[in-house]
Amino acid sequence: MLKRFVLMVIVSLLLPACSEESFIVPQREVPISLLTKEQTFRSGHNLFLQYCRECHGSLNEGRNQRAARFIPPAPDFHELYYSQSDPAYLFWRIEEGKRVEPFRSRGSVMPAWKPHFTEEQIWQLVAYLKQRSLSRR
């Protein structure tokens, strides 16, 4: 009985450490003026169509068949969660992809875009993702 109680206490202490909240997103200056410009959304949309659509789907189709096979599945970004997400978090996820924990151990297949995009392009994608989640409403 005591062993069971001790095991339950240990598990209850470790589970929160395994949640998505257990990682640290690097602090960065969020260019609010850039994120609110119409041209930024359009540029982000164009980047998304060219580089992200294959896995995340277009706005009206949602996740496509290829992405549905991923475990975990690639999000289609229609959920309100993404419009309310910290822009620095979205930037970090695009920048680092599956290279960082906890995403690597969860089986993420998202590539790191840091070697391919400028910071401005990543912010354009962030602006588009935040806007996209509001567009499906």
# chains A, B, ... in the order shown; residues from 1 in each chain; ligands from 1
$ residues_around --residues "segment 37-50 of chain A" --least-positions-apart "2" --cutoff "12 Å" --atoms "only C-alpha atoms" --output "MDAnalysis selection string"
chainID A and resid 31:35 52:59 76:77 94 113 116:132 135
$ write_last_selection --atoms "N, CA and C atoms" --output "compact mmCIF listing (two decimals), in the first residue's frame"
# COMPACT_ATOMS: atom_id res chain seq x y z
N PRO A 31 8.04 42.04 -33.41
CA PRO A 31 7.82 43.27 -34.20
C PRO A 31 6.33 43.50 -34.46
N ILE A 32 5.64 44.05 -33.47
CA ILE A 32 4.19 44.23 -33.54
C ILE A 32 3.79 45.00 -34.80
N SER A 33 4.54 46.02 -35.16
CA SER A 33 4.19 46.80 -36.36
C SER A 33 4.25 45.93 -37.62
N LEU A 34 5.19 45.02 -37.68
CA LEU A 34 5.30 44.12 -38.83
C LEU A 34 4.14 43.13 -38.84
N LEU A 35 3.77 42.63 -37.68
CA LEU A 35 2.73 41.61 -37.60
C LEU A 35 1.33 42.12 -37.94
N CYS A 52 4.50 25.34 -46.79
CA CYS A 52 3.82 24.71 -45.64
C CYS A 52 2.55 23.96 -46.02
N ARG A 53 1.95 24.35 -47.11
CA ARG A 53 0.65 23.80 -47.51
C ARG A 53 0.68 22.29 -47.68
N GLU A 54 1.76 21.76 -48.18
CA GLU A 54 1.83 20.32 -48.44
C GLU A 54 1.54 19.50 -47.18
N CYS A 55 1.98 19.99 -46.04
CA CYS A 55 1.74 19.26 -44.79
C CYS A 55 0.55 19.80 -43.99
N HIS A 56 0.32 21.11 -44.05
CA HIS A 56 -0.70 21.71 -43.20
C HIS A 56 -2.01 21.99 -43.92
N GLY A 57 -2.03 21.86 -45.26
CA GLY A 57 -3.25 22.08 -46.02
C GLY A 57 -3.54 23.55 -46.25
N SER A 58 -4.46 23.80 -47.19
CA SER A 58 -4.87 25.19 -47.45
C SER A 58 -5.98 25.56 -46.48
N LEU A 59 -6.34 26.82 -46.47
CA LEU A 59 -7.30 27.33 -45.50
C LEU A 59 -8.63 26.59 -45.56
N ASP A 76 -3.69 22.22 -38.84
CA ASP A 76 -4.09 23.04 -39.99
C ASP A 76 -4.29 24.50 -39.59
N PHE A 77 -4.06 24.82 -38.34
CA PHE A 77 -4.04 26.19 -37.81
C PHE A 77 -5.38 26.91 -37.85
N ILE A 94 8.58 27.47 -35.79
CA ILE A 94 8.92 27.50 -37.21
C ILE A 94 10.44 27.44 -37.37
N TRP A 113 13.07 25.65 -40.13
CA TRP A 113 13.10 26.59 -41.25
C TRP A 113 14.14 27.68 -41.08
N HIS A 116 16.53 28.31 -43.87
CA HIS A 116 15.93 28.61 -45.18
C HIS A 116 15.23 29.96 -45.25
N PHE A 117 14.78 30.47 -44.11
CA PHE A 117 14.03 31.71 -44.08
C PHE A 117 14.79 32.78 -43.30
N THR A 118 14.56 34.03 -43.68
CA THR A 118 15.07 35.14 -42.90
C THR A 118 14.15 35.32 -41.68
N GLU A 119 14.60 36.11 -40.72
CA GLU A 119 13.74 36.40 -39.57
C GLU A 119 12.44 37.07 -40.03
N GLU A 120 12.56 37.97 -40.98
CA GLU A 120 11.36 38.66 -41.46
C GLU A 120 10.38 37.68 -42.08
N GLN A 121 10.86 36.70 -42.83
CA GLN A 121 9.97 35.70 -43.42
C GLN A 121 9.29 34.86 -42.34
N ILE A 122 10.02 34.51 -41.30
CA ILE A 122 9.39 33.75 -40.22
C ILE A 122 8.32 34.59 -39.54
N TRP A 123 8.58 35.88 -39.32
CA TRP A 123 7.55 36.75 -38.74
C TRP A 123 6.35 36.87 -39.67
N GLN A 124 6.59 36.86 -40.97
CA GLN A 124 5.47 36.89 -41.93
C GLN A 124 4.61 35.64 -41.77
N LEU A 125 5.25 34.51 -41.62
CA LEU A 125 4.49 33.27 -41.39
C LEU A 125 3.72 33.33 -40.07
N VAL A 126 4.34 33.85 -39.04
CA VAL A 126 3.67 33.99 -37.75
C VAL A 126 2.42 34.86 -37.90
N ALA A 127 2.55 35.99 -38.58
CA ALA A 127 1.41 36.88 -38.79
C ALA A 127 0.30 36.16 -39.55
N TYR A 128 0.68 35.42 -40.58
CA TYR A 128 -0.32 34.69 -41.36
C TYR A 128 -1.01 33.62 -40.51
N LEU A 129 -0.26 32.86 -39.72
CA LEU A 129 -0.87 31.81 -38.90
C LEU A 129 -1.85 32.40 -37.89
N LYS A 130 -1.49 33.51 -37.29
CA LYS A 130 -2.39 34.14 -36.33
C LYS A 130 -3.66 34.63 -37.02
N GLN A 131 -3.53 35.17 -38.21
CA GLN A 131 -4.69 35.63 -38.98
C GLN A 131 -5.51 34.44 -39.50
N ARG A 132 -4.84 33.41 -39.94
CA ARG A 132 -5.51 32.23 -40.50
C ARG A 132 -6.46 31.60 -39.50
N SER A 135 -9.65 33.38 -39.65
CA SER A 135 -10.34 33.39 -40.93
C SER A 135 -11.35 32.27 -41.09
$ residues_around --residues "Ala88 of chain A" --least-positions-apart "3" --cutoff "7 Å" --atoms "only C-alpha atoms" --output "JSON, numbers by chain"
{"A": [27, 28, 30, 91, 92]}
$ closest_residue --among "A:Ile24, A:Ala74, A:Ala67, A:Leu80" --to "Val100 of chain A" --atoms "only C-alpha atoms"
A:Ile24
$ residues_around --residues "Arg106 of chain A" --least-positions-apart "4" --cutoff "9 Å" --atoms "only C-alpha atoms" --output "tab-separated table (two decimals) with C-alpha atoms, in the first residue's frame"
chain	number	residue	atom	x	y	z
A	71	ILE	CA	1.87	11.20	-35.66
A	72	PRO	CA	1.44	13.69	-34.16
A	98	LYS	CA	11.55	19.07	-34.71
A	101	GLU	CA	12.34	19.03	-27.18
A	102	PRO	CA	9.64	18.16	-26.47
$ closest_residue --among "A:Val25, A:Ser108, A:Phe70, A:Tyr82" --to "Ser133 of chain A" --atoms "only C-alpha atoms"
A:Tyr82
$ atom_distance --atom1 "atom CA of Glu95 of chain A" --atom2 "atom CA of Ala112 of chain A"
5.4 Å
$ atom_distance --atom1 "atom CA of Leu90 of chain A" --atom2 "atom CA of Leu134 of chain A"
15.6 Å
$ closest_residue --among "A:Tyr51, A:Pro87, A:Thr36, A:Glu29" --to "Met110 of chain A" --atoms "only C-alpha atoms"
A:Tyr51
$ closest_residue --among "A:Pro26, A:Phe103, A:Ser85, A:Val109" --to "Arg66 of chain A" --atoms "only C-alpha atoms"
A:Val109
$ atom_distance --atom1 "atom CA of Arg99 of chain A" --atom2 "atom CA of Phe23 of chain A"
13.1 Å
